[in-house]
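First the structure, in the form of structure tokens, and then the observations on it.
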Amino acid sequence: MRSRQVINPATEEPITEVGMATVADTDAAVDRAARAYPKWRDVAPGDRAALLRRFAAIVDDHQEELAQLEVANSGHPIGNARWEAGNVRDVINYYAAVPERLSGRQIPVPGGMDVTFREPLGVVGVIVPWNFPMPIAAWGFAPALAAGNCVVLKPAEQTPLTALRLAELAREAGFADGVFTVMPGEGPVVGSRFVSHPRVRKITFTGSTAVGKQIMAGCADQLKRCTLELGGKSANVIFADADLEAAAATAPAAVFDNSGQDCCARSRILVQSSVVDRFLELLEPAVKAVAVGDPSDPGTAMGPLISAAHRDRVAGYLDGADIAFTGSAPRGPGYWMPPTVLIGGSTSDRTWREEIFGPVVSVVPFTDEADAIRLANDSDYGLSGSIFTRDLGRALRVSRAVQAGNLSVNSHSSVRYWTPFGGYKQSGLGRELGPDAADAYTEEKNVFFSDK
Ligand code: NAD
């Protein structure tokens, strides 16, 4: 088995080596999952719920360890990493309620009785990106397991450590062999084998739109179900009547959190032209105040980028760009980049149109409400976005008009496990999280009983 070095992006030092699974390893893992499935499907609902709650409790006991692992592997600030490990616990707990509530319907029909059942699919493949290794894994595996499926999960090449630890914790909780397997490996090897393997009945993929399209095309061959959570280029729309101080104070975190490596990053700021100068005056000190540095320091708000290659890719967007101002970044080892604000560009610039996935935001003025909606929707993506206004009617109109799956008014909320999450247009297909997530890991079966 080939192995790959895992690098700490804040120091550039190797942490450990992780074996990369082959196609044969992947086939063996899928076979184990398929063998484990009938027994797991038939576990009594209350017992499956109890097992999930035990898993959540063990994750809670290891919250600090998991957080420290993510600080080292992903360079996430420790405060963020603790939240992420806590999110895994909360998501497992939330879906622990599913087994005892996964009910069908009784539908009135003539000549007998009609009932529906929610039945698990079998083996589900979850493919995870490197930007939020822990939460994104849990948003897939928790509802899938709760609905009675077995899960094979591939973490991103760069960030396998927390997923591997979560699989160990699941075993400690009492999950049988094959119910939840983590397979570190390369996308075109392990990930694409999940897609082509006939015993994998669904793919939940989070990652780039380009790879998402390949996954969907691959799934078409077997009519395999897929949920796709892809890229974004979300708009933060700020009207002249808004609380400008609050809008400027919160705009940096809305794009620079996780160093901008966030599919929901509000990387396009649209400001009504009458207040754009005042907004920029307020934004500049807020950007300069973003604490960039050692991720293990609780005061740090922004860590490094994930790799040298990714930093170079992000930096490529700044060639010839009109930089208004930047924040700070440490010198020396680590894949650092300061928070960077661009203004004066055109909406045809690639910095405005493409997902940069780094700490870069563009500011563009708009004239009126119709112009704001037009500019916000002038994107292939439609994942997230924010609207700042004191006018309730406008908040309602604009939030209905912007084509995005997750909008937030006078705030920047995107992902809460209680509510559905996913994208319009090329940001994805299907929804994760929220009360209905487990349904996406089931088939709905209809049975008619004749009264004759
Ligand atoms: P990526 O698409 O390169 O990789 C994502 C995962 O897919 C990795 O595990 C990778 O190994 C795997 N993969 C790569 N090629 C594959 C193939 N041919 N077949 C199967 N699997 C394959 O994306 P990335 O660089 O890891 O992540 C960044 C992207 O993820 C961004 O575009 C971001 O917007 C997106 N993202 C979306 C969400 C969301 O919920 N919508 C959340 C986080 C990240």
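Each chain of the structure tokens is named A, B, ... in the order shown, its residues numbered from 1; ligands are numbered from 1 in display order.
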Expected answer as number ranges by chain: residues within 8 Å of ligand 1, only C-alpha atoms and all ligand atoms: A: 127-132, 136, 154-157, 185-195, 205-212, 214-215, 228-232, 261-264, 355, 357, 383, 421-423, 427-428
Surrounding residues of range 21-34 of chain A excluding itself and chain neighbours under 6 positions, 6 Å, only C-alpha atoms, as a CSV table (one decimal) with N, CA, C and O atoms, in the first residue's frame:
chain,number,residue,atom,x,y,z
A,150,CYS,N,-25.1,0.9,5.8
A,150,CYS,CA,-23.7,0.9,6.1
A,150,CYS,C,-23.0,1.9,5.3
A,150,CYS,O,-23.4,2.3,4.2
A,178,GLY,N,-17.6,-3.3,9.6
A,178,GLY,CA,-18.2,-3.1,8.3
A,178,GLY,C,-19.4,-2.1,8.3
A,178,GLY,O,-19.8,-1.7,7.2
A,179,VAL,N,-19.9,-1.8,9.5
A,179,VAL,CA,-21.0,-0.8,9.5
A,179,VAL,C,-20.5,0.6,9.1
A,179,VAL,O,-21.2,1.3,8.3
A,185,GLY,N,-7.7,7.6,0.9
A,185,GLY,CA,-7.1,7.2,-0.4
A,185,GLY,C,-7.4,8.4,-1.4
A,185,GLY,O,-7.9,9.4,-1.0
Two-atom distance - CA of Arg54 in chain A, CA of Ala147 in chain A (Å):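 One can read the CA of Arg54 in chain A to CA of Ala147 in chain A distance as 16.6 Å.
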Which of range 167-339 of chain A fall in helix (DSSP H, G or I), as a VMD selection string: chain A and resid 167 to 173 187 to 196 209 to 220 244 to 260 273 to 288 308 to 316
Contact residues around range 313-317 of chain A with only C-alpha atoms at 10 Å, ignoring same-chain residues under 3 positions, as number ranges by chain: A: 305, 307-310, 320-321, 337, 349-351, 354-360
Requested write-out: all heavy atoms of the selected residues, as a compact mmCIF listing (two decimals), in the first residue's frame:
# COMPACT_ATOMS: atom_id res chain seq x y z
N LEU A 305 -3.63 28.45 4.83
CA LEU A 305 -4.31 27.67 3.80
C LEU A 305 -3.84 26.21 3.92
O LEU A 305 -2.87 25.91 4.60
CB LEU A 305 -4.04 28.24 2.42
CG LEU A 305 -4.59 29.66 2.22
CD1 LEU A 305 -4.23 30.18 0.83
CD2 LEU A 305 -6.10 29.71 2.40
N SER A 307 -2.48 23.98 1.83
CA SER A 307 -1.24 23.44 1.23
C SER A 307 -0.56 24.53 0.41
O SER A 307 -1.17 25.55 0.07
CB SER A 307 -1.58 22.26 0.29
OG SER A 307 -2.36 22.73 -0.80
N ALA A 308 0.70 24.25 0.07
CA ALA A 308 1.45 25.20 -0.77
C ALA A 308 0.78 25.33 -2.13
O ALA A 308 0.63 26.43 -2.67
CB ALA A 308 2.89 24.72 -0.92
N ALA A 309 0.34 24.19 -2.67
CA ALA A 309 -0.27 24.22 -4.02
C ALA A 309 -1.54 25.08 -3.99
O ALA A 309 -1.79 25.86 -4.91
CB ALA A 309 -0.60 22.80 -4.47
N HIS A 310 -2.33 24.94 -2.91
CA HIS A 310 -3.57 25.71 -2.85
C HIS A 310 -3.26 27.20 -2.66
O HIS A 310 -3.91 28.05 -3.27
CB HIS A 310 -4.46 25.18 -1.72
CG HIS A 310 -5.80 25.82 -1.70
ND1 HIS A 310 -6.66 25.82 -2.78
CD2 HIS A 310 -6.44 26.54 -0.73
CE1 HIS A 310 -7.76 26.48 -2.49
NE2 HIS A 310 -7.64 26.94 -1.26
N GLY A 320 -2.50 41.07 -11.05
CA GLY A 320 -3.20 42.11 -11.79
C GLY A 320 -4.51 42.56 -11.17
O GLY A 320 -5.21 43.40 -11.74
N ALA A 321 -4.88 42.00 -10.01
CA ALA A 321 -6.15 42.41 -9.38
C ALA A 321 -5.96 43.73 -8.64
O ALA A 321 -4.85 44.09 -8.25
CB ALA A 321 -6.60 41.33 -8.41
N MET A 337 -1.58 33.53 4.06
CA MET A 337 -2.01 34.58 3.14
C MET A 337 -2.87 35.55 3.93
O MET A 337 -3.73 35.12 4.72
CB MET A 337 -2.82 33.97 2.00
CG MET A 337 -3.32 35.01 1.04
SD MET A 337 -4.02 34.27 -0.43
CE MET A 337 -2.55 33.92 -1.33
N ASP A 349 -14.71 39.89 -14.23
CA ASP A 349 -13.40 39.41 -13.76
C ASP A 349 -13.52 38.01 -13.18
O ASP A 349 -14.52 37.68 -12.55
CB ASP A 349 -12.86 40.31 -12.63
CG ASP A 349 -12.44 41.67 -13.15
OD1 ASP A 349 -12.42 41.85 -14.38
OD2 ASP A 349 -12.17 42.55 -12.31
N ARG A 350 -12.45 37.22 -13.34
CA ARG A 350 -12.55 35.87 -12.78
C ARG A 350 -12.56 35.88 -11.26
O ARG A 350 -13.10 34.98 -10.62
CB ARG A 350 -11.48 34.94 -13.35
CG ARG A 350 -10.09 35.19 -12.93
CD ARG A 350 -9.16 34.28 -13.73
NE ARG A 350 -7.84 34.27 -13.10
CZ ARG A 350 -7.31 33.21 -12.49
NH1 ARG A 350 -7.95 32.06 -12.49
NH2 ARG A 350 -6.13 33.29 -11.91
N THR A 351 -12.02 36.97 -10.65
CA THR A 351 -12.08 37.07 -9.18
C THR A 351 -13.54 37.23 -8.71
O THR A 351 -13.85 36.91 -7.57
CB THR A 351 -11.27 38.26 -8.67
OG1 THR A 351 -11.64 39.41 -9.43
CG2 THR A 351 -9.78 38.01 -8.79
N GLU A 354 -15.32 33.27 -10.24
CA GLU A 354 -14.87 31.92 -9.86
C GLU A 354 -14.73 31.78 -8.34
O GLU A 354 -14.41 32.75 -7.66
CB GLU A 354 -13.52 31.62 -10.53
CG GLU A 354 -13.64 31.54 -12.04
CD GLU A 354 -12.31 31.31 -12.74
OE1 GLU A 354 -11.34 30.87 -12.09
OE2 GLU A 354 -12.24 31.60 -13.96
N GLU A 355 -14.91 30.55 -7.88
CA GLU A 355 -14.72 30.29 -6.46
C GLU A 355 -13.21 30.27 -6.18
O GLU A 355 -12.50 29.39 -6.66
CB GLU A 355 -15.34 28.94 -6.08
CG GLU A 355 -15.21 28.65 -4.61
CD GLU A 355 -15.81 27.31 -4.22
OE1 GLU A 355 -15.52 26.31 -4.89
OE2 GLU A 355 -16.55 27.27 -3.22
N ILE A 356 -12.72 31.23 -5.41
CA ILE A 356 -11.28 31.30 -5.13
C ILE A 356 -10.91 30.35 -4.00
O ILE A 356 -9.85 29.74 -3.99
CB ILE A 356 -10.87 32.76 -4.81
CG1 ILE A 356 -11.18 33.67 -6.01
CG2 ILE A 356 -9.41 32.85 -4.40
CD1 ILE A 356 -10.90 35.14 -5.80
N PHE A 357 -11.79 30.20 -3.03
CA PHE A 357 -11.58 29.28 -1.91
C PHE A 357 -10.36 29.68 -1.07
O PHE A 357 -9.59 28.84 -0.60
CB PHE A 357 -11.45 27.84 -2.42
CG PHE A 357 -12.22 26.84 -1.59
CD1 PHE A 357 -13.57 27.03 -1.33
CD2 PHE A 357 -11.61 25.71 -1.07
CE1 PHE A 357 -14.29 26.12 -0.57
CE2 PHE A 357 -12.32 24.79 -0.31
CZ PHE A 357 -13.66 24.99 -0.06
N GLY A 358 -10.20 30.98 -0.93
CA GLY A 358 -9.12 31.52 -0.12
C GLY A 358 -9.60 32.84 0.46
O GLY A 358 -10.73 33.28 0.21
N PRO A 359 -8.72 33.55 1.21
CA PRO A 359 -9.16 34.76 1.92
C PRO A 359 -9.19 36.00 1.03
O PRO A 359 -8.45 36.96 1.25
CB PRO A 359 -8.11 34.88 3.03
CG PRO A 359 -6.89 34.27 2.46
CD PRO A 359 -7.33 33.19 1.52
N VAL A 360 -10.01 35.96 0.01
CA VAL A 360 -10.09 37.06 -0.96
C VAL A 360 -11.56 37.41 -1.16
O VAL A 360 -12.38 36.52 -1.43
CB VAL A 360 -9.48 36.66 -2.32
CG1 VAL A 360 -9.55 37.83 -3.30
CG2 VAL A 360 -8.04 36.18 -2.15
